[in-house]
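K.L.:
For reference, the structure I am asking about is given below.
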Amino acid sequence: MSINLFPLLLAVLAAWTAVTTAHAQIEWRVSVKIILGPQGQRPPFGVMNEDADVTNEINWANEIYRATGRGYQYRLTEIVELAGVSQWYDADSESGSVLHRLDDAARNNIATYAFRNDAINVYVNNSAEGGICSYPSSSSIIILIGRVAGKTRVLAHEAGHFFDLCHTFGCSCNPCDNPESDGILDTLRHTSSESEDDIAQRAYGTTYDNLTAAKQESVADTYLNVMSYYSDPIRITSDQLDKQTDTSNGARLNVASGRTRFVDYRNNGQFPNGGSAKTSPLPLPNGTGGPYPTIAQGAFFAGENVIVLIRSGTYQEGLMLDRPMTLRATRGNAILR
């Protein structure tokens, strides 16, 4: 019997398995705190100053992730009006020092700042600037968002940094010509202000309209990316998803409802751990880390609320599942024989 797991479809037959599979998905919990001014007022405008705006930001982020078929979503747990901390009402929301000071204050006074250890803590204030979030290597574990006039999906962008994703143009806010420094190989080199034509010229030596459909998709994956500076982004790439998932499994596990275990038959190293290995050649050097080589191994290590994510290819193995779990294919079709 041959089973084909399509990229956006969970396809395991109940007659073939011992149980019926569950359509589980992994949620990242988000807690939003709107900092009130000295008179108890919310910021007068912005993309996240009203409850409906916050909900829209969550929904927009989820549209991007839903299109990938990976089973990941953000879940808004609460919107809190935060009184008594108006010293942060107009604080610069693009300042790293402000972010770290607010982070320290919140963690040292959890009740006052409605700080949560099991969610992404998002603080919204009246700053005229944009948003900021530190990478997992930093001590800061919150996001600060100001008015960000004219830009939507800012929450998805800053949450990308929370999960260790750099900008598509590099790991600094300044124009950068080496985006590969973050291990993401499926976005193109560009600077923060380049148009689709600029990116096409840099990568392929012609305008966007003159490219093949496949090359246009490659340019769009960069220009329309949630980690670009495009004002209304709608895309995230496979490499970015893999890196975000590894971070969700590790440094940011506290905000996630479950884990992902990667499977790739090409990894025949001795010590796989179910990580993505992103785009590294398989097997990994020294035989350590990376996807499990068989679906059976991925399923064995899959506890409650785990997605077994299977890379494309043909898997010659028998498989009996003894408990509910979610199997998904990625980067193409996965065929079980």
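Chains: A, B, ... in order of the structure tokens. Residues: from 1 per chain. Ligands: from 1, in order shown.
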Taking 4 positions as the minimum chain separation for residues in the same chain, which residues sit within 8 Å of Thr288 of chain A when counting only C-alpha atoms? Answer as a list of chain:residue names.
P.N.:
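So, after excluding close chain neighbours, the residues are A:Gly269, A:Gln270, A:Phe271, A:Pro272, A:Asn273, A:Leu284.
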K.L.:
Can you pull out the residues contacting segment 112-116 of chain A? Cut-off 8 Å, using only C-alpha atoms, and skip same-chain residues under 4 positions away; I want them as a ChimeraX atom specification.
P.N.:
/A:31,33,80,82,84-85,105-107,120-121
K.L.:
Could you tell me how far atom CA of Asp104 of chain A lies from atom CA of Thr55 of chain A, in Å and to one decimal?
P.N.:
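Distance between the two atoms: 27.0 Å.
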K.L.:
Please determine, counting only C-alpha atoms, which residue among A:Gly298, A:Gly303, A:Gly96, A:Gly289 has the shortest atom-to-atom distance to Leu319 of chain A.
P.N.:
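Closest to Leu319 of chain A, using only C-alpha atoms: A:Gly298.
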K.L.:
Just the residues within 10 Å of Gln87 of chain A, please, counting only C-alpha atoms, with nothing from its chain fewer than 3 positions along; format it as a list in words.
P.N.:
Ile35, Leu36, Gly37, Pro38, Gly84, Asp90 and Ala91 of chain A
K.L.:
With N, CA and C atoms retained, could you export that selection as a compact mmCIF listing (two decimals), in the first residue's frame?
P.N.:
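Result saved to out_6.txt:
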# COMPACT_ATOMS: atom_id res chain seq x y z
N ILE A 35 -0.75 49.90 27.32
CA ILE A 35 -0.31 50.81 28.38
C ILE A 35 -1.15 52.09 28.34
N LEU A 36 -1.76 52.41 29.47
CA LEU A 36 -2.61 53.59 29.56
C LEU A 36 -1.80 54.82 29.98
N GLY A 37 -2.26 55.99 29.51
CA GLY A 37 -1.59 57.25 29.85
C GLY A 37 -1.94 57.73 31.24
N PRO A 38 -1.43 58.90 31.63
CA PRO A 38 -1.64 59.44 32.98
C PRO A 38 -3.11 59.65 33.33
N GLY A 84 -1.24 52.47 35.83
CA GLY A 84 -0.23 52.59 36.88
C GLY A 84 1.20 52.51 36.39
N ASP A 90 4.77 56.96 26.57
CA ASP A 90 5.39 57.59 25.40
C ASP A 90 6.82 57.12 25.17
N ALA A 91 7.24 56.05 25.83
CA ALA A 91 8.61 55.57 25.68
C ALA A 91 8.88 55.10 24.26
K.L.:
Write out as a PyMOL selection string the set of residues from segment 213-328 of chain A that DSSP, computed on the backbone, places in strand (DSSP E or B).
P.N.:
chain A and resi 225+235+256+259-263+271+288+292+306-315+326-328
K.L.:
Fewer than 3 positions away in the same chain doesn't count, so skip those; otherwise give me all residues within 7 Å of segment 307-311 of chain A, counting only C-alpha atoms, as JSON, numbers by chain.
P.N.:
{"A": [259, 260, 261, 262, 263, 264, 298, 299, 325, 326, 327, 328, 329, 330, 331, 334]}
K.L.:
Hey, can you spit out that residue selection with all heavy atoms as a tab-separated table (two decimals), in the first residue's frame?
P.N.:
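What landed in result02.tsv:
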chain	number	residue	atom	x	y	z
A	259	ARG	N	5.11	20.56	20.38
A	259	ARG	CA	6.39	20.50	19.68
A	259	ARG	C	6.21	19.96	18.27
A	259	ARG	O	5.18	19.36	17.94
A	259	ARG	CB	7.37	19.58	20.42
A	259	ARG	CG	7.78	19.98	21.81
A	259	ARG	CD	8.63	18.89	22.43
A	259	ARG	NE	9.06	19.20	23.79
A	259	ARG	CZ	10.22	19.76	24.11
A	259	ARG	NH1	11.09	20.03	23.15
A	259	ARG	NH2	10.53	19.99	25.36
A	260	THR	N	7.26	20.12	17.47
A	260	THR	CA	7.34	19.52	16.14
A	260	THR	C	8.53	18.59	16.10
A	260	THR	O	9.62	18.94	16.58
A	260	THR	CB	7.48	20.59	15.06
A	260	THR	OG1	6.34	21.45	15.07
A	260	THR	CG2	7.62	19.97	13.68
A	261	ARG	N	8.35	17.39	15.52
A	261	ARG	CA	9.45	16.47	15.25
A	261	ARG	C	9.61	16.33	13.74
A	261	ARG	O	8.67	15.94	13.05
A	261	ARG	CB	9.16	15.09	15.87
A	261	ARG	CG	8.90	15.09	17.37
A	261	ARG	CD	10.09	15.57	18.15
A	261	ARG	NE	9.91	15.35	19.59
A	261	ARG	CZ	10.68	15.90	20.51
A	261	ARG	NH1	11.66	16.71	20.16
A	261	ARG	NH2	10.47	15.66	21.79
A	262	PHE	N	10.80	16.66	13.24
A	262	PHE	CA	11.06	16.56	11.81
A	262	PHE	C	11.52	15.15	11.44
A	262	PHE	O	12.21	14.49	12.21
A	262	PHE	CB	12.14	17.56	11.39
A	262	PHE	CG	11.68	18.99	11.37
A	262	PHE	CD1	11.72	19.77	12.52
A	262	PHE	CD2	11.20	19.57	10.20
A	262	PHE	CE1	11.29	21.08	12.52
A	262	PHE	CE2	10.78	20.89	10.18
A	262	PHE	CZ	10.82	21.65	11.34
A	263	VAL	N	11.13	14.73	10.24
A	263	VAL	CA	11.55	13.43	9.70
A	263	VAL	C	12.10	13.66	8.29
A	263	VAL	O	11.49	14.35	7.48
A	263	VAL	CB	10.36	12.44	9.64
A	263	VAL	CG1	10.77	11.15	8.92
A	263	VAL	CG2	9.85	12.14	11.04
A	264	ASP	N	13.27	13.09	8.01
A	264	ASP	CA	13.86	13.16	6.67
A	264	ASP	C	14.71	11.92	6.46
A	264	ASP	O	15.70	11.71	7.17
A	264	ASP	CB	14.71	14.42	6.52
A	264	ASP	CG	15.10	14.71	5.08
A	264	ASP	OD1	15.34	13.73	4.32
A	264	ASP	OD2	15.19	15.88	4.70
A	298	GLY	N	10.03	9.28	14.37
A	298	GLY	CA	9.34	10.52	14.66
A	298	GLY	C	8.09	10.29	15.49
A	298	GLY	O	7.80	11.00	16.45
A	299	ALA	N	7.33	9.25	15.12
A	299	ALA	CA	6.11	8.91	15.84
A	299	ALA	C	6.42	8.41	17.25
A	299	ALA	O	5.70	8.71	18.20
A	299	ALA	CB	5.32	7.86	15.07
A	325	MET	N	-1.96	11.24	16.75
A	325	MET	CA	-0.91	12.22	16.47
A	325	MET	C	-1.16	12.82	15.09
A	325	MET	O	-1.97	12.31	14.32
A	325	MET	CB	0.49	11.58	16.53
A	325	MET	CG	0.76	10.54	15.49
A	325	MET	SD	2.35	9.74	15.75
A	325	MET	CE	2.10	8.96	17.34
A	326	THR	N	-0.48	13.89	14.80
A	326	THR	CA	-0.64	14.58	13.53
A	326	THR	C	0.60	14.36	12.67
A	326	THR	O	1.72	14.63	13.11
A	326	THR	CB	-0.85	16.09	13.75
A	326	THR	OG1	-2.05	16.28	14.51
A	326	THR	CG2	-1.00	16.82	12.43
A	327	LEU	N	0.40	13.87	11.45
A	327	LEU	CA	1.47	13.74	10.47
A	327	LEU	C	1.23	14.76	9.38
A	327	LEU	O	0.11	14.86	8.84
A	327	LEU	CB	1.50	12.34	9.86
A	327	LEU	CG	1.54	11.15	10.82
A	327	LEU	CD1	1.60	9.85	10.03
A	327	LEU	CD2	2.73	11.24	11.76
A	328	ARG	N	2.23	15.52	9.03
A	328	ARG	CA	2.14	16.49	7.94
A	328	ARG	C	3.37	16.38	7.06
A	328	ARG	O	4.46	16.05	7.54
A	328	ARG	CB	2.03	17.93	8.48
A	328	ARG	CG	0.75	18.21	9.25
A	328	ARG	CD	0.72	19.64	9.75
A	328	ARG	NE	-0.46	19.89	10.55
A	328	ARG	CZ	-1.61	20.36	10.07
A	328	ARG	NH1	-1.71	20.62	8.77
A	328	ARG	NH2	-2.64	20.57	10.87
A	329	ALA	N	3.18	16.66	5.78
A	329	ALA	CA	4.30	16.67	4.85
A	329	ALA	C	4.73	18.10	4.59
A	329	ALA	O	3.93	19.03	4.65
A	329	ALA	CB	3.92	15.99	3.54
A	330	THR	N	6.01	18.29	4.29
A	330	THR	CA	6.54	19.62	4.01
A	330	THR	C	7.55	19.57	2.86
A	330	THR	O	8.21	18.55	2.66
A	330	THR	CB	7.21	20.23	5.26
A	330	THR	OG1	7.70	21.52	4.94
A	330	THR	CG2	8.35	19.37	5.74
A	331	ARG	N	7.64	20.65	2.12
A	331	ARG	CA	8.58	20.78	1.00
A	331	ARG	C	8.30	19.76	-0.09
A	331	ARG	O	9.22	19.30	-0.76
A	331	ARG	CB	10.02	20.67	1.49
A	331	ARG	CG	10.43	21.75	2.50
A	331	ARG	CD	11.85	21.53	2.98
A	331	ARG	NE	12.25	22.49	3.99
A	331	ARG	CZ	12.98	23.58	3.75
A	331	ARG	NH1	13.38	23.86	2.52
A	331	ARG	NH2	13.31	24.40	4.73
A	334	ALA	N	5.18	13.43	0.57
A	334	ALA	CA	5.83	12.32	1.26
A	334	ALA	C	5.02	11.06	0.99
A	334	ALA	O	3.83	11.03	1.26
A	334	ALA	CB	5.91	12.60	2.76
K.L.:
Rounded to one decimal place, report the atom CA of Gln297 of chain A-atom CA of Asn62 of chain A distance in Å.
P.N.:
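It comes out at 29.8 Å.
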K.L.:
Excluding Tyr89 of chain A and any residue of its chain fewer than 3 positions from it, enumerate the residues within 10 Å of it, using only C-alpha atoms, and give them as a list in words.
P.N.:
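Residues meeting the cut-off are Ile34, Ile35, Leu36, Gly37, Pro38, Gln41, Arg42, Pro43, Leu82, Ala83, Val85, Ser86, Asp92, Ser93, Tyr123, Val124, Asn125, Asn126, Ser127 and Gly146 of chain A.
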K.L.:
Can you pull out every residue within 10 Å of Tyr229 of chain A, counting only C-alpha atoms, but drop anything in the same chain fewer than 3 positions away, and send it as a VMD selection string?
P.N.:
chain A and resid 151 154 157 167 to 169 173 191 to 194 223 to 226 232 to 233
K.L.:
Go ahead and write the residues just picked, N, CA, C and O atoms, as an mmCIF file, in the first residue's frame.
P.N.:
data_model
loop_
_atom_site.group_PDB
_atom_site.id
_atom_site.type_symbol
_atom_site.label_atom_id
_atom_site.label_comp_id
_atom_site.auth_asym_id
_atom_site.auth_seq_id
_atom_site.Cartn_x
_atom_site.Cartn_y
_atom_site.Cartn_z
ATOM 1 N N LYS A 151 1.365 50.651 8.716
ATOM 2 C CA LYS A 151 1.876 49.282 8.563
ATOM 3 C C LYS A 151 0.969 48.311 9.299
ATOM 4 O O LYS A 151 0.575 48.544 10.434
ATOM 5 N N VAL A 154 2.298 44.022 11.931
ATOM 6 C CA VAL A 154 3.488 44.333 12.720
ATOM 7 C C VAL A 154 3.701 43.287 13.806
ATOM 8 O O VAL A 154 4.844 42.961 14.150
ATOM 9 N N HIS A 157 5.527 40.350 12.379
ATOM 10 C CA HIS A 157 6.915 40.707 12.115
ATOM 11 C C HIS A 157 7.736 40.659 13.406
ATOM 12 O O HIS A 157 8.794 40.018 13.464
ATOM 13 N N HIS A 167 15.521 40.079 9.699
ATOM 14 C CA HIS A 167 14.906 40.671 8.527
ATOM 15 C C HIS A 167 15.385 39.926 7.276
ATOM 16 O O HIS A 167 16.457 39.319 7.284
ATOM 17 N N THR A 168 14.594 39.988 6.230
ATOM 18 C CA THR A 168 15.002 39.341 4.979
ATOM 19 C C THR A 168 16.262 39.972 4.403
ATOM 20 O O THR A 168 16.984 39.333 3.633
ATOM 21 N N PHE A 169 16.542 41.210 4.780
ATOM 22 C CA PHE A 169 17.743 41.872 4.251
ATOM 23 C C PHE A 169 18.926 41.761 5.197
ATOM 24 O O PHE A 169 19.965 42.354 4.969
ATOM 25 N N CYS A 173 19.038 46.225 11.457
ATOM 26 C CA CYS A 173 18.043 47.128 10.863
ATOM 27 C C CYS A 173 18.640 47.976 9.751
ATOM 28 O O CYS A 173 17.929 48.661 9.029
ATOM 29 N N THR A 191 18.205 45.186 0.003
ATOM 30 C CA THR A 191 18.296 46.130 1.108
ATOM 31 C C THR A 191 16.889 46.465 1.566
ATOM 32 O O THR A 191 15.902 46.104 0.918
ATOM 33 N N SER A 192 16.768 47.170 2.670
ATOM 34 C CA SER A 192 15.462 47.352 3.294
ATOM 35 C C SER A 192 14.478 48.144 2.445
ATOM 36 O O SER A 192 13.274 48.014 2.609
ATOM 37 N N SER A 193 14.965 48.969 1.515
ATOM 38 C CA SER A 193 14.080 49.858 0.766
ATOM 39 C C SER A 193 13.905 49.457 -0.692
ATOM 40 O O SER A 193 13.306 50.193 -1.461
ATOM 41 N N GLU A 194 14.377 48.298 -1.101
ATOM 42 C CA GLU A 194 14.327 47.933 -2.517
ATOM 43 C C GLU A 194 12.938 47.475 -2.946
ATOM 44 O O GLU A 194 12.192 46.865 -2.177
ATOM 45 N N TYR A 223 10.173 39.946 -1.166
ATOM 46 C CA TYR A 223 9.566 41.283 -1.092
ATOM 47 C C TYR A 223 8.311 41.290 -0.227
ATOM 48 O O TYR A 223 8.102 42.217 0.580
ATOM 49 N N LEU A 224 7.466 40.268 -0.353
ATOM 50 C CA LEU A 224 6.198 40.200 0.379
ATOM 51 C C LEU A 224 6.344 39.461 1.707
ATOM 52 O O LEU A 224 5.358 39.112 2.345
ATOM 53 N N ASN A 225 7.574 39.248 2.146
ATOM 54 C CA ASN A 225 7.843 38.444 3.325
ATOM 55 C C ASN A 225 7.467 39.179 4.609
ATOM 56 O O ASN A 225 7.634 40.387 4.724
ATOM 57 N N VAL A 226 6.996 38.427 5.583
ATOM 58 C CA VAL A 226 6.616 39.019 6.856
ATOM 59 C C VAL A 226 7.805 39.652 7.567
ATOM 60 O O VAL A 226 7.632 40.552 8.396
ATOM 61 N N ASP A 232 2.523 45.451 3.918
ATOM 62 C CA ASP A 232 1.403 44.529 4.088
ATOM 63 C C ASP A 232 1.840 43.109 3.706
ATOM 64 O O ASP A 232 1.354 42.536 2.737
ATOM 65 N N PRO A 233 2.764 42.510 4.453
ATOM 66 C CA PRO A 233 3.378 41.245 4.054
ATOM 67 C C PRO A 233 2.409 40.067 4.159
ATOM 68 O O PRO A 233 1.501 40.053 4.994
#
K.L.:
What gap, in Å, lies between atom CA of Ala128 of chain A and atom CA of Ala61 of chain A?
P.N.:
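Taking atom CA of Ala128 of chain A as the start and atom CA of Ala61 of chain A as the end point, the length is 22.7 Å.
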